[in-house]
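> Below is the file structure-v9.txt, which contains compact mmCIF, C-alpha atoms (C1' of nucleotides).
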# COMPACT_ATOMS: atom_id res chain seq x y z
CA MET A 1 -93.13 -7.68 -97.37
CA GLN A 2 -91.62 -9.07 -100.52
CA THR A 3 -91.35 -5.82 -102.47
CA THR A 4 -89.78 -4.22 -99.45
CA ASN A 5 -87.03 -6.74 -99.07
CA ASN A 6 -86.50 -6.71 -102.76
CA THR A 7 -86.13 -2.96 -102.97
CA GLU A 8 -83.96 -2.93 -99.89
CA ARG A 9 -81.64 -5.43 -101.46
CA GLN A 10 -81.54 -3.54 -104.72
CA ILE A 11 -80.60 -0.38 -102.88
CA ILE A 12 -77.87 -2.08 -100.92
CA GLU A 13 -76.41 -3.66 -104.03
CA ALA A 14 -76.47 -0.35 -105.88
CA ALA A 15 -75.04 1.53 -102.93
CA ARG A 16 -72.21 -0.94 -102.59
CA LYS A 17 -71.31 -0.61 -106.21
CA ILE A 18 -71.28 3.19 -106.14
CA PHE A 19 -69.71 3.73 -102.72
CA VAL A 20 -66.97 1.19 -103.27
CA LYS A 21 -66.06 2.80 -106.55
CA LYS A 22 -66.36 6.46 -105.65
CA GLY A 23 -65.99 6.61 -101.90
CA LEU A 24 -68.22 8.45 -99.47
CA SER A 25 -67.56 11.98 -100.68
CA GLY A 26 -67.46 11.06 -104.35
CA ALA A 27 -70.71 9.11 -104.45
CA ARG A 28 -74.01 10.81 -105.35
CA MET A 29 -77.34 9.65 -104.05
CA GLN A 30 -78.68 10.14 -107.57
CA ASP A 31 -76.09 7.68 -108.91
CA ILE A 32 -77.19 5.10 -106.39
CA ALA A 33 -80.86 5.63 -107.21
CA ASP A 34 -80.15 5.29 -110.94
CA GLU A 35 -78.11 2.17 -110.38
CA ALA A 36 -80.94 0.66 -108.35
CA GLY A 37 -83.51 1.73 -110.91
CA ILE A 38 -85.59 3.59 -108.35
CA ASN A 39 -86.27 7.07 -107.14
CA LYS A 40 -83.95 9.16 -105.02
CA ALA A 41 -86.59 9.62 -102.36
CA MET A 42 -86.72 5.88 -101.79
CA LEU A 43 -83.17 5.88 -100.54
CA HIS A 44 -84.16 8.19 -97.73
CA TYR A 45 -87.34 6.30 -97.08
CA TYR A 46 -85.42 3.12 -96.43
CA TYR A 47 -82.13 4.31 -95.07
CA ARG A 48 -82.77 7.79 -93.77
CA SER A 49 -79.50 9.46 -94.85
CA LYS A 50 -76.44 9.05 -97.00
CA ASP A 51 -74.25 8.55 -93.95
CA LYS A 52 -76.46 5.81 -92.56
CA LEU A 53 -76.46 4.01 -95.87
CA PHE A 54 -72.73 4.34 -96.17
CA GLU A 55 -72.13 2.93 -92.76
CA ILE A 56 -74.02 -0.23 -93.63
CA ILE A 57 -71.99 -0.72 -96.80
CA PHE A 58 -68.72 0.00 -95.09
CA ASN A 59 -69.27 -2.32 -92.17
CA GLU A 60 -70.33 -5.12 -94.47
CA ALA A 61 -67.24 -4.68 -96.60
CA LEU A 62 -64.93 -4.52 -93.62
CA GLU A 63 -66.48 -7.65 -92.18
CA GLN A 64 -66.06 -9.44 -95.48
CA LEU A 65 -62.43 -8.49 -95.89
CA LEU A 66 -61.41 -9.27 -92.34
CA THR A 67 -63.23 -12.57 -92.33
CA ARG A 68 -61.41 -13.47 -95.49
CA ILE A 69 -58.02 -12.53 -94.11
CA ASN A 70 -58.72 -14.44 -90.98
CA GLN A 71 -60.20 -17.59 -92.35
CA VAL A 72 -57.33 -18.84 -94.44
CA PHE A 73 -54.97 -18.88 -91.53
CA SER A 74 -57.28 -20.97 -89.44
CA GLY A 75 -56.81 -24.27 -91.24
CA ASP A 76 -54.62 -27.02 -89.86
CA MET A 77 -52.67 -27.88 -92.96
CA PRO A 78 -48.89 -27.95 -93.08
CA PHE A 79 -47.16 -24.60 -93.37
CA GLN A 80 -46.29 -24.68 -97.06
CA GLU A 81 -49.82 -25.53 -98.05
CA LYS A 82 -51.20 -22.89 -95.77
CA VAL A 83 -49.15 -20.24 -97.53
CA ALA A 84 -50.23 -21.49 -100.92
CA ALA A 85 -53.86 -21.56 -99.89
CA ALA A 86 -53.71 -18.07 -98.44
CA VAL A 87 -52.14 -16.54 -101.52
CA ASP A 88 -54.48 -18.35 -103.84
CA ASN A 89 -57.50 -17.36 -101.81
CA TYR A 90 -56.60 -13.67 -101.61
CA ILE A 91 -55.81 -13.26 -105.25
CA SER A 92 -58.96 -15.09 -106.24
CA THR A 93 -61.11 -12.96 -103.98
CA LEU A 94 -59.54 -9.75 -105.17
CA SER A 95 -59.92 -10.75 -108.78
CA THR A 96 -63.67 -10.58 -108.29
CA ASN A 97 -63.64 -7.68 -105.82
CA PRO A 98 -60.77 -5.52 -107.00
CA TYR A 99 -62.00 -2.27 -105.45
CA LEU A 100 -62.55 -3.68 -102.00
CA PRO A 101 -59.21 -3.12 -100.26
CA LEU A 102 -58.75 0.38 -101.62
CA PHE A 103 -62.23 1.29 -100.48
CA ILE A 104 -61.60 0.08 -96.96
CA ILE A 105 -58.20 1.68 -96.74
CA ASN A 106 -59.46 5.03 -97.94
CA GLU A 107 -62.39 5.31 -95.66
CA ILE A 108 -60.36 4.26 -92.67
CA ASN A 109 -57.84 6.88 -93.64
CA GLN A 110 -60.52 9.51 -93.65
CA ASN A 111 -61.95 8.34 -90.39
CA PRO A 112 -59.61 6.05 -88.45
CA ASN A 113 -61.94 5.43 -85.55
CA ARG A 114 -64.33 3.59 -87.82
CA LEU A 115 -61.99 0.67 -87.42
CA LEU A 116 -61.59 1.13 -83.69
CA GLU A 117 -65.34 1.23 -83.11
CA ARG A 118 -65.68 -2.01 -84.96
CA PHE A 119 -63.17 -3.73 -82.71
CA ARG A 120 -63.97 -2.20 -79.39
CA HIS A 121 -66.04 -5.21 -78.48
CA SER A 122 -65.03 -7.97 -80.82
CA PRO A 123 -61.98 -10.19 -80.41
CA MET A 124 -58.82 -9.40 -82.30
CA PHE A 125 -57.85 -11.76 -85.06
CA PRO A 126 -57.13 -14.94 -83.24
CA ASN A 127 -56.16 -16.71 -86.43
CA VAL A 128 -53.54 -14.23 -87.50
CA GLN A 129 -52.05 -14.74 -84.09
CA LYS A 130 -52.26 -18.45 -84.67
CA PHE A 131 -50.52 -18.11 -88.03
CA ILE A 132 -47.71 -16.14 -86.44
CA MET A 133 -47.25 -18.87 -83.88
CA HIS A 134 -47.20 -21.43 -86.66
CA ILE A 135 -44.42 -19.45 -88.33
CA GLN A 136 -42.42 -19.31 -85.12
CA GLU A 137 -42.82 -23.02 -84.63
CA GLU A 138 -41.45 -23.71 -88.10
CA MET A 139 -38.48 -21.47 -87.35
CA GLU A 140 -37.75 -23.19 -84.06
CA ASN A 141 -37.66 -26.51 -85.85
CA GLY A 142 -35.32 -25.11 -88.48
CA ARG A 143 -37.67 -25.87 -91.33
CA ILE A 144 -37.61 -22.24 -92.44
CA ARG A 145 -35.05 -19.50 -91.90
CA LYS A 146 -35.57 -17.03 -89.09
CA MET A 147 -37.18 -13.68 -89.67
CA ASP A 148 -39.72 -11.42 -87.96
CA PRO A 149 -43.10 -13.16 -88.45
CA MET A 150 -44.81 -9.80 -88.59
CA GLN A 151 -42.68 -8.80 -91.57
CA LEU A 152 -43.49 -12.08 -93.27
CA LEU A 153 -47.18 -11.46 -92.75
CA LEU A 154 -46.85 -7.96 -94.15
CA ASN A 155 -44.93 -9.25 -97.14
CA THR A 156 -47.60 -11.80 -97.91
CA LEU A 157 -50.48 -9.38 -97.68
CA SER A 158 -48.59 -6.71 -99.61
CA MET A 159 -47.80 -8.92 -102.56
CA CYS A 160 -51.37 -10.17 -102.80
CA ILE A 161 -53.25 -6.94 -102.30
CA PHE A 162 -51.11 -4.16 -103.72
CA PRO A 163 -51.24 -5.08 -107.41
CA PHE A 164 -55.03 -4.79 -107.33
CA ALA A 165 -54.96 -1.47 -105.58
CA ALA A 166 -52.40 -0.13 -108.02
CA ARG A 167 -53.98 -1.80 -111.01
CA PRO A 168 -54.70 1.33 -113.08
CA ILE A 169 -51.14 2.53 -112.62
CA ILE A 170 -49.69 -0.82 -113.55
CA GLN A 171 -51.86 -1.16 -116.62
CA GLY A 172 -51.19 2.40 -117.64
CA LEU A 173 -47.47 2.24 -117.12
CA PHE A 174 -46.82 -1.09 -118.73
CA GLN A 175 -49.48 -0.88 -121.40
CA LYS A 176 -51.30 -3.98 -120.22
CA THR A 177 -54.81 -4.81 -121.39
CA ASP A 178 -57.42 -6.15 -118.97
CA GLU A 179 -56.68 -9.54 -120.47
CA ASP A 180 -52.98 -9.15 -119.74
CA PHE A 181 -53.65 -8.08 -116.20
CA SER A 182 -55.91 -11.04 -115.45
CA ARG A 183 -53.33 -13.44 -116.77
CA LEU A 184 -50.60 -11.75 -114.77
CA MET A 185 -52.64 -12.14 -111.59
CA GLU A 186 -53.46 -15.74 -112.38
CA GLU A 187 -49.77 -16.53 -112.81
CA ARG A 188 -49.14 -14.55 -109.69
CA LYS A 189 -50.77 -17.12 -107.42
CA GLN A 190 -48.05 -19.59 -108.23
CA SER A 191 -45.30 -17.00 -108.46
CA VAL A 192 -45.90 -15.34 -105.10
CA THR A 193 -46.25 -18.63 -103.27
CA GLU A 194 -42.97 -19.76 -104.74
CA PHE A 195 -41.37 -16.42 -103.99
CA ILE A 196 -42.28 -16.70 -100.32
CA LEU A 197 -41.34 -20.32 -99.86
CA MET A 198 -38.08 -19.89 -101.71
CA SER A 199 -37.18 -16.98 -99.50
CA LEU A 200 -37.87 -19.04 -96.40
CA ARG A 201 -35.45 -21.82 -97.30
CA PRO A 202 -33.10 -22.18 -94.32
CA MET B 1 -43.94 40.50 -106.96
CA GLN B 2 -42.75 39.11 -103.67
CA THR B 3 -46.10 38.92 -101.95
CA THR B 4 -47.51 37.23 -105.00
CA ASN B 5 -44.96 34.49 -105.13
CA ASN B 6 -45.21 34.08 -101.43
CA THR B 7 -48.98 33.71 -101.47
CA GLU B 8 -48.83 31.45 -104.48
CA ARG B 9 -46.45 29.16 -102.67
CA GLN B 10 -48.54 29.18 -99.54
CA ILE B 11 -51.58 28.21 -101.54
CA ILE B 12 -49.81 25.38 -103.29
CA GLU B 13 -48.46 24.03 -100.03
CA ALA B 14 -51.87 24.19 -98.41
CA ALA B 15 -53.57 22.67 -101.43
CA ARG B 16 -51.12 19.80 -101.50
CA LYS B 17 -51.70 19.04 -97.86
CA ILE B 18 -55.48 19.06 -98.18
CA PHE B 19 -55.82 17.37 -101.57
CA VAL B 20 -53.37 14.62 -100.75
CA LYS B 21 -55.18 13.87 -97.53
CA LYS B 22 -58.79 14.19 -98.67
CA GLY B 23 -58.72 13.66 -102.41
CA LEU B 24 -60.37 15.82 -105.03
CA SER B 25 -63.97 15.26 -104.02
CA GLY B 26 -63.28 15.28 -100.29
CA ALA B 27 -61.28 18.50 -100.22
CA ARG B 28 -62.99 21.84 -99.54
CA MET B 29 -61.73 25.11 -100.91
CA GLN B 30 -62.43 26.59 -97.49
CA ASP B 31 -60.08 24.02 -95.90
CA ILE B 32 -57.34 25.00 -98.28
CA ALA B 33 -57.88 28.69 -97.63
CA ASP B 34 -57.80 28.12 -93.88
CA GLU B 35 -54.67 26.03 -94.14
CA ALA B 36 -52.98 28.76 -96.17
CA GLY B 37 -54.22 31.43 -93.78
CA ILE B 38 -55.91 33.43 -96.54
CA ASN B 39 -59.30 34.06 -98.02
CA LYS B 40 -61.26 31.68 -100.21
CA ALA B 41 -61.52 34.26 -102.97
CA MET B 42 -57.75 34.35 -103.27
CA LEU B 43 -57.67 30.76 -104.38
CA HIS B 44 -59.78 31.65 -107.37
CA TYR B 45 -57.84 34.80 -108.02
CA TYR B 46 -54.62 32.84 -108.36
CA TYR B 47 -55.74 29.50 -109.69
CA ARG B 48 -59.13 30.12 -111.23
CA SER B 49 -60.90 26.91 -110.15
CA LYS B 50 -60.69 23.93 -107.86
CA ASP B 51 -60.01 21.62 -110.78
CA LYS B 52 -57.14 23.73 -112.08
CA LEU B 53 -55.56 23.84 -108.65
CA PHE B 54 -55.99 20.13 -108.24
CA GLU B 55 -54.37 19.38 -111.55
CA ILE B 56 -51.24 21.24 -110.53
CA ILE B 57 -50.97 19.33 -107.28
CA PHE B 58 -51.68 15.99 -108.90
CA ASN B 59 -49.17 16.39 -111.71
CA GLU B 60 -46.49 17.47 -109.30
CA ALA B 61 -47.12 14.47 -107.08
CA LEU B 62 -47.16 12.06 -110.00
CA GLU B 63 -43.93 13.47 -111.32
CA GLN B 64 -42.32 13.13 -107.93
CA LEU B 65 -43.39 9.54 -107.45
CA LEU B 66 -42.45 8.36 -110.92
CA THR B 67 -39.10 10.09 -110.84
CA ARG B 68 -38.39 8.36 -107.59
CA ILE B 69 -39.38 4.95 -108.89
CA ASN B 70 -37.32 5.46 -111.96
CA GLN B 71 -34.17 6.91 -110.52
CA VAL B 72 -33.09 4.07 -108.28
CA PHE B 73 -33.00 1.60 -111.11
CA SER B 74 -30.77 3.80 -113.20
CA GLY B 75 -27.56 3.27 -111.23
CA ASP B 76 -24.83 0.95 -112.39
CA MET B 77 -24.18 -0.91 -109.17
CA PRO B 78 -24.23 -4.66 -108.88
CA PHE B 79 -27.63 -6.31 -108.68
CA GLN B 80 -27.76 -7.01 -104.96
CA GLU B 81 -26.84 -3.47 -104.08
CA LYS B 82 -29.33 -2.12 -106.53
CA VAL B 83 -32.13 -4.01 -104.81
CA ALA B 84 -30.99 -2.83 -101.41
CA ALA B 85 -30.76 0.77 -102.60
CA ALA B 86 -34.19 0.64 -104.20
CA VAL B 87 -35.91 -0.75 -101.13
CA ASP B 88 -34.12 1.64 -98.83
CA ASN B 89 -34.95 4.59 -101.03
CA TYR B 90 -38.65 3.79 -101.35
CA ILE B 91 -39.24 3.17 -97.71
CA SER B 92 -37.36 6.32 -96.76
CA THR B 93 -39.33 8.43 -99.21
CA LEU B 94 -42.64 7.01 -98.09
CA SER B 95 -41.78 7.51 -94.45
CA THR B 96 -41.84 11.23 -95.10
CA ASN B 97 -44.64 11.18 -97.69
CA PRO B 98 -46.92 8.43 -96.47
CA TYR B 99 -50.07 9.66 -98.21
CA LEU B 100 -48.48 10.03 -101.62
CA PRO B 101 -49.05 6.65 -103.25
CA LEU B 102 -52.61 6.32 -102.03
CA PHE B 103 -53.40 9.76 -103.35
CA ILE B 104 -52.04 8.96 -106.78
CA ILE B 105 -53.71 5.58 -106.94
CA ASN B 106 -57.07 6.97 -105.95
CA GLU B 107 -57.18 9.80 -108.37
CA ILE B 108 -56.04 7.62 -111.23
CA ASN B 109 -58.76 5.18 -110.26
CA GLN B 110 -61.33 7.92 -110.50
CA ASN B 111 -59.96 9.19 -113.76
CA PRO B 112 -57.64 6.72 -115.49
CA ASN B 113 -56.81 8.92 -118.44
CA ARG B 114 -55.03 11.36 -116.16
CA LEU B 115 -52.14 8.94 -116.34
CA LEU B 116 -52.42 8.43 -120.06
CA GLU B 117 -52.38 12.15 -120.79
CA ARG B 118 -49.25 12.48 -118.77
CA PHE B 119 -47.48 9.86 -120.86
CA ARG B 120 -48.82 10.61 -124.26
CA HIS B 121 -45.70 12.57 -125.10
CA SER B 122 -43.10 11.57 -122.60
CA PRO B 123 -40.95 8.46 -122.80
CA MET B 124 -41.96 5.36 -120.89
CA PHE B 125 -39.79 4.41 -117.99
CA PRO B 126 -36.56 3.51 -119.63
CA ASN B 127 -34.97 2.63 -116.32
CA VAL B 128 -37.55 0.13 -115.26
CA GLN B 129 -36.92 -1.53 -118.58
CA LYS B 130 -33.25 -1.41 -117.83
CA PHE B 131 -33.78 -2.98 -114.44
CA ILE B 132 -35.76 -5.80 -115.98
CA MET B 133 -32.94 -6.45 -118.40
CA HIS B 134 -30.52 -6.46 -115.52
CA ILE B 135 -32.65 -9.11 -113.83
CA GLN B 136 -32.70 -11.24 -116.96
CA GLU B 137 -28.97 -10.97 -117.30
CA GLU B 138 -28.49 -12.21 -113.74
CA MET B 139 -30.77 -15.13 -114.47
CA GLU B 140 -28.94 -16.06 -117.64
CA ASN B 141 -25.70 -16.16 -115.71
CA GLY B 142 -27.27 -18.35 -113.04
CA ARG B 143 -26.59 -15.89 -110.26
CA ILE B 144 -30.25 -15.81 -109.31
CA ARG B 145 -33.03 -18.31 -109.85
CA LYS B 146 -35.36 -17.86 -112.79
CA MET B 147 -38.69 -16.12 -112.43
CA ASP B 148 -40.79 -13.62 -114.34
CA PRO B 149 -38.98 -10.27 -113.93
CA MET B 150 -42.30 -8.46 -114.01
CA GLN B 151 -43.48 -10.43 -110.99
CA LEU B 152 -40.26 -9.63 -109.18
CA LEU B 153 -40.74 -5.95 -109.89
CA LEU B 154 -44.33 -6.12 -108.62
CA ASN B 155 -43.21 -7.94 -105.49
CA THR B 156 -40.62 -5.31 -104.73
CA LEU B 157 -42.94 -2.37 -105.20
CA SER B 158 -45.74 -4.11 -103.31
CA MET B 159 -43.68 -4.82 -100.23
CA CYS B 160 -42.35 -1.28 -100.10
CA ILE B 161 -45.49 0.67 -100.81
CA PHE B 162 -48.39 -1.33 -99.43
CA PRO B 163 -47.64 -1.06 -95.72
CA PHE B 164 -47.81 2.72 -95.96
CA ALA B 165 -51.06 2.67 -97.85
CA ALA B 166 -52.56 0.26 -95.36
CA ARG B 167 -50.99 1.94 -92.37
CA PRO B 168 -54.18 2.83 -90.50
CA ILE B 169 -55.46 -0.70 -90.83
CA ILE B 170 -52.19 -2.21 -89.70
CA GLN B 171 -51.91 0.10 -86.73
CA GLY B 172 -55.55 -0.43 -85.83
CA LEU B 173 -55.45 -4.17 -86.17
CA PHE B 174 -52.21 -4.85 -84.39
CA GLN B 175 -52.46 -2.06 -81.85
CA LYS B 176 -49.27 -0.38 -82.96
CA THR B 177 -48.39 3.16 -81.93
CA ASP B 178 -46.87 5.61 -84.40
CA GLU B 179 -43.57 4.85 -82.73
CA ASP B 180 -44.04 1.12 -83.31
CA PHE B 181 -44.92 1.66 -86.92
CA SER B 182 -41.88 3.80 -87.63
CA ARG B 183 -39.62 1.22 -86.10
CA LEU B 184 -41.30 -1.55 -88.06
CA MET B 185 -40.71 0.33 -91.31
CA GLU B 186 -37.14 1.08 -90.38
CA GLU B 187 -36.46 -2.59 -89.74
CA ARG B 188 -38.34 -3.32 -92.93
CA LYS B 189 -35.62 -1.87 -95.15
CA GLN B 190 -33.27 -4.62 -94.13
CA SER B 191 -35.94 -7.27 -93.88
CA VAL B 192 -37.44 -6.78 -97.33
CA THR B 193 -34.07 -6.60 -99.03
CA GLU B 194 -33.09 -9.85 -97.39
CA PHE B 195 -36.45 -11.39 -98.21
CA ILE B 196 -35.99 -10.65 -101.90
CA LEU B 197 -32.37 -11.71 -102.17
CA MET B 198 -32.98 -14.86 -100.20
CA SER B 199 -35.82 -15.80 -102.48
CA LEU B 200 -33.62 -15.29 -105.52
CA ARG B 201 -30.94 -17.74 -104.41
CA PRO B 202 -30.53 -20.23 -107.26
C1' DG C 1 -94.40 1.92 -100.87
C1' DT C 2 -93.54 4.82 -104.69
C1' DC C 3 -93.60 8.95 -107.06
C1' DT C 4 -93.13 14.48 -108.03
C1' DA C 5 -92.20 18.68 -106.30
C1' DT C 6 -89.79 21.42 -103.32
C1' DA C 7 -87.27 22.98 -99.29
C1' DT C 8 -82.65 23.47 -97.53
C1' DC C 9 -77.90 23.60 -97.37
C1' DG C 10 -73.12 23.43 -98.52
C1' DG C 11 -69.65 24.79 -101.37
C1' DG C 12 -67.53 26.64 -105.74
C1' DA C 13 -67.30 30.79 -108.04
C1' DT C 14 -67.86 35.91 -108.91
C1' DA C 15 -68.71 41.06 -108.07
C1' DG C 16 -67.12 44.88 -106.34
C1' DA C 17 -65.24 47.82 -102.58
C1' DC C 18 -60.91 48.98 -100.78
C1' DG D 1 -53.69 41.89 -104.22
C1' DT D 2 -56.87 41.21 -100.59
C1' DC D 3 -61.17 41.33 -98.45
C1' DT D 4 -66.69 40.89 -97.75
C1' DA D 5 -70.82 39.87 -99.57
C1' DT D 6 -73.33 37.36 -102.64
C1' DC D 7 -74.68 34.51 -106.39
C1' DC D 8 -75.78 30.04 -108.02
C1' DC D 9 -75.73 25.30 -108.66
C1' DG D 10 -75.65 20.69 -107.24
C1' DA D 11 -76.84 17.51 -103.87
C1' DT D 12 -79.13 15.94 -99.61
C1' DA D 13 -83.26 15.69 -97.56
C1' DT D 14 -88.38 16.26 -96.81
C1' DA D 15 -93.45 17.08 -97.86
C1' DG D 16 -97.25 15.42 -99.63
C1' DA D 17 -100.13 13.37 -103.37
C1' DC D 18 -101.33 8.92 -105.04
Write the structure described by the file as C-alpha cells, please.

Amino acid sequence: MQTTNNTERQIIEAARKIFVKKGLSGARMQDIADEAGINKAMLHYYYRSKDKLFEIIFNEALEQLLTRINQVFSGDMPFQEKVAAAVDNYISTLSTNPYLPLFIINEINQNPNRLLERFRHSPMFPNVQKFIMHIQEEMENGRIRKMDPMQLLLNTLSMCIFPFAARPIIQGLFQKTDEDFSRLMEERKQSVTEFILMSLRP
Amino acid sequence: MQTTNNTERQIIEAARKIFVKKGLSGARMQDIADEAGINKAMLHYYYRSKDKLFEIIFNEALEQLLTRINQVFSGDMPFQEKVAAAVDNYISTLSTNPYLPLFIINEINQNPNRLLERFRHSPMFPNVQKFIMHIQEEMENGRIRKMDPMQLLLNTLSMCIFPFAARPIIQGLFQKTDEDFSRLMEERKQSVTEFILMSLRP
DNA sequence: GTCTATATCGGGATAGAC
DNA sequence: GTCTATCCCGATATAGAC
C-alpha cells in the first residue's frame, strides 16, 4: 500500500541518518522515531527490532561504498585520467556523505565478521584487481616509476577518505570554518591528483 | 596506600582498553570491572561515574596523540629526514596503538567541543606551524616543487593514519592475515616517505 | 496501520555489611 | 577498601485499543 511504502521509506531514511551519525550503540530508537515523525512502536511494527533495522542500514551503506570504490576503477581511460577521475569521484561523494566511511569502519571494527558474511558469496572486487594490473602495466612500460601497487592504492584511498573522517579534528585544530573546509576539499581534488601523478614520474 | 594506587592503575588500564575499543556508548562498566578483575562498585568508589572515568581516558589519549604529532616536527634536521622521521614515528606508534586515532576521532565526532575545551587555554601546535614554515622555505629555495603546505600535511597524516583506522576493511577485502598487515605497514614506512619525497621533486 | 500504555530488561549508580 | 544486594532509570519491545 502507498502509506506503507511511504512510512517504510521514512523510517529507513531516519534510521540511516541516526545510525550513521551515532553508531549502533549510540543510536536511540526514540531518536529515529522522532526523526521520522512517527511513533516508536511503528519501528518495531515494520522492522521488528533495532538490530534488524540496523542491519538493513549497514548493508546498504556498505554496498554503496564498495560499489563506489569499485566503479571508478572499471573505466577504460588512460591511467592519468583514471587517477584523476577516482580522486574527484571519491572526494565528491564524501563531500555529500561525510559520515559514511567512519560509520562503516566503526561497525566493522565492532563486528568484523559483518564484512566477511557480506563477501562469503559475492565476488571480490574485480575492478580493484584490474586497477592494480593497470598500474603494473604502466610500470612495465616505464611510464611511471616502480612501486608496490598495493601501497599506491592505499595512498590514494587514504588521502581521499581520511580528511573527512578526521574532519572535526582538522577543523578544531586549525580553526577552520565549514566554509574553509569545503574549499580545502574542493582544492584537494586537484592537489591530490597532482600529488600522486607527480610522485609517479619515472 | 599501595593497594589503592594499584587498584586505581588497574582500573585505568582496564578502562582504557575497553573504552578505546568500544567507545563511550558501547562500553559497559561491567566489562571494565571484569577486565580489571574487580567489582563494579569499585569503579564508582574510585571514579564516581562512567562519564568521569571516560573523560580521564579520553584526555590522556588525546594528549598522547597530539604530543606525538607535534614532537616529530620540532626537530632541526633537514627537510627530507624530517619527513622520513615523521612517517616512521607515526607508523611505529600506530602499530602498537592501532585503535587510538579512531577512538579520538569518534568521540570528537560525537562531542566536538571536547576538543575545543582542551585547547581553550593551551597553545596551538607551534610545531606544526613550524613544519609548515619549513615547507615554505624549501619551496622558496626551489628544493621542492610548490604546493599548498596544508595539503601536504594532510597527505602525510592521511597516509600514515588511515590504513590503521581502516585495517579491518583492508584485511577483510584483500584477505590479509595479521602477519601480512604488519609486514605491509613495515614496508609502508619506506614506501610513504619515498612517495612524498618523489612527489615533491621540483 | 497507527497510536497509548505498559511490560521487560540491561546497565549505571548507591546502600550498607564486612 | 572491597564486596553483595538493590535501586532506579532509560531504552527496547510488546499488548491492545482504535
> Please provide the set of residues having any atom within 12 Å of DC8 of chain D, restricted to only C-alpha atoms (C1' of nucleotides), with same-chain residues fewer than 3 positions apart removed, written as a ChimeraX atom specification.
/C:10-14
> Using all atoms listed in the file, determine which residues of chain C fall within 8 Å of chain A; present them as an MDAnalysis selection string.
chainID C and resid 1:3
> What are the residues of chain B lining chain A at 6 Å or less? Count only C-alpha atoms, and put the answer as a list in words.
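Within 6 Å of chain A on chain B, we get Ser25, Gly26, Ile105, Asn155, Ser158, Met159, Phe162, Ala166, Phe195, Met198 and Ser199 of chain B.
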> Could you turn the residues from that selection into a file that holds C-alpha atoms, as a short mmCIF file (atom, residue, chain, number, x, y, z; two decimals), keeping the file's coordinate frame?

data_model
loop_
_atom_site.label_atom_id
_atom_site.label_comp_id
_atom_site.auth_asym_id
_atom_site.auth_seq_id
_atom_site.Cartn_x
_atom_site.Cartn_y
_atom_site.Cartn_z
CA SER B 25 -63.97 15.26 -104.02
CA GLY B 26 -63.28 15.28 -100.29
CA ILE B 105 -53.71 5.58 -106.94
CA ASN B 155 -43.21 -7.94 -105.49
CA SER B 158 -45.74 -4.11 -103.31
CA MET B 159 -43.68 -4.82 -100.23
CA PHE B 162 -48.39 -1.33 -99.43
CA ALA B 166 -52.56 0.26 -95.36
CA PHE B 195 -36.45 -11.39 -98.21
CA MET B 198 -32.98 -14.86 -100.20
CA SER B 199 -35.82 -15.80 -102.48
#
> Near chain B, which residues of chain D fall within 9 Å when you count only C-alpha atoms (C1' of nucleotides), and what do they look like as a PyMOL selection string?
chain D and resi 1-3
> To one decimal place, how far is atom CA of Glu117 of chain B from atom CA of Ala61 of chain B in Å?
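Atom CA of Glu117 of chain B sits 14.9 Å away from atom CA of Ala61 of chain B.
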> Tell me which protein, DNA and RNA residues are within 10 Å of DT4 of chain D, counting all atoms listed in the file, leaving out same-chain ones fewer than 2 positions away, and put them as a VMD selection string.
(chain B and resid 41) or (chain C and resid 16 to 17) or (chain D and resid 6)
> To one decimal place in Å, what is the distance between atom C1' of DA13 of chain D and atom C1' of DA5 of chain C?
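The value is 12.9 Å.
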> As an exercise, work out the distance from atom C1' of DG16 of chain D to atom CA of Ala33 of chain A in Å and give it to one decimal place.
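Computing it gives 20.5 Å between the two atoms.
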> Using the block above, I'd like segment 62-74 of chain B written out, keeping C-alpha atoms and formatting it as a PDB file, in the first residue's frame.

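Dumped to out_33.pdb:
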ATOM      1  CA  LEU B  62      44.245  12.943  23.165  1.00  0.00           C
ATOM      2  CA  GLU B  63      47.309  14.262  24.926  1.00  0.00           C
ATOM      3  CA  GLN B  64      49.317  11.279  23.809  1.00  0.00           C
ATOM      4  CA  LEU B  65      48.277  11.559  20.189  1.00  0.00           C
ATOM      5  CA  LEU B  66      48.770  15.294  19.904  1.00  0.00           C
ATOM      6  CA  THR B  67      52.127  15.206  21.634  1.00  0.00           C
ATOM      7  CA  ARG B  68      53.209  12.582  19.180  1.00  0.00           C
ATOM      8  CA  ILE B  69      52.041  14.549  16.165  1.00  0.00           C
ATOM      9  CA  ASN B  70      53.706  17.633  17.448  1.00  0.00           C
ATOM     10  CA  GLN B  71      57.023  16.273  18.566  1.00  0.00           C
ATOM     11  CA  VAL B  72      58.350  14.944  15.301  1.00  0.00           C
ATOM     12  CA  PHE B  73      58.061  18.275  13.592  1.00  0.00           C
ATOM     13  CA  SER B  74      60.041  20.020  16.271  1.00  0.00           C
TER      14      SER B  74
END
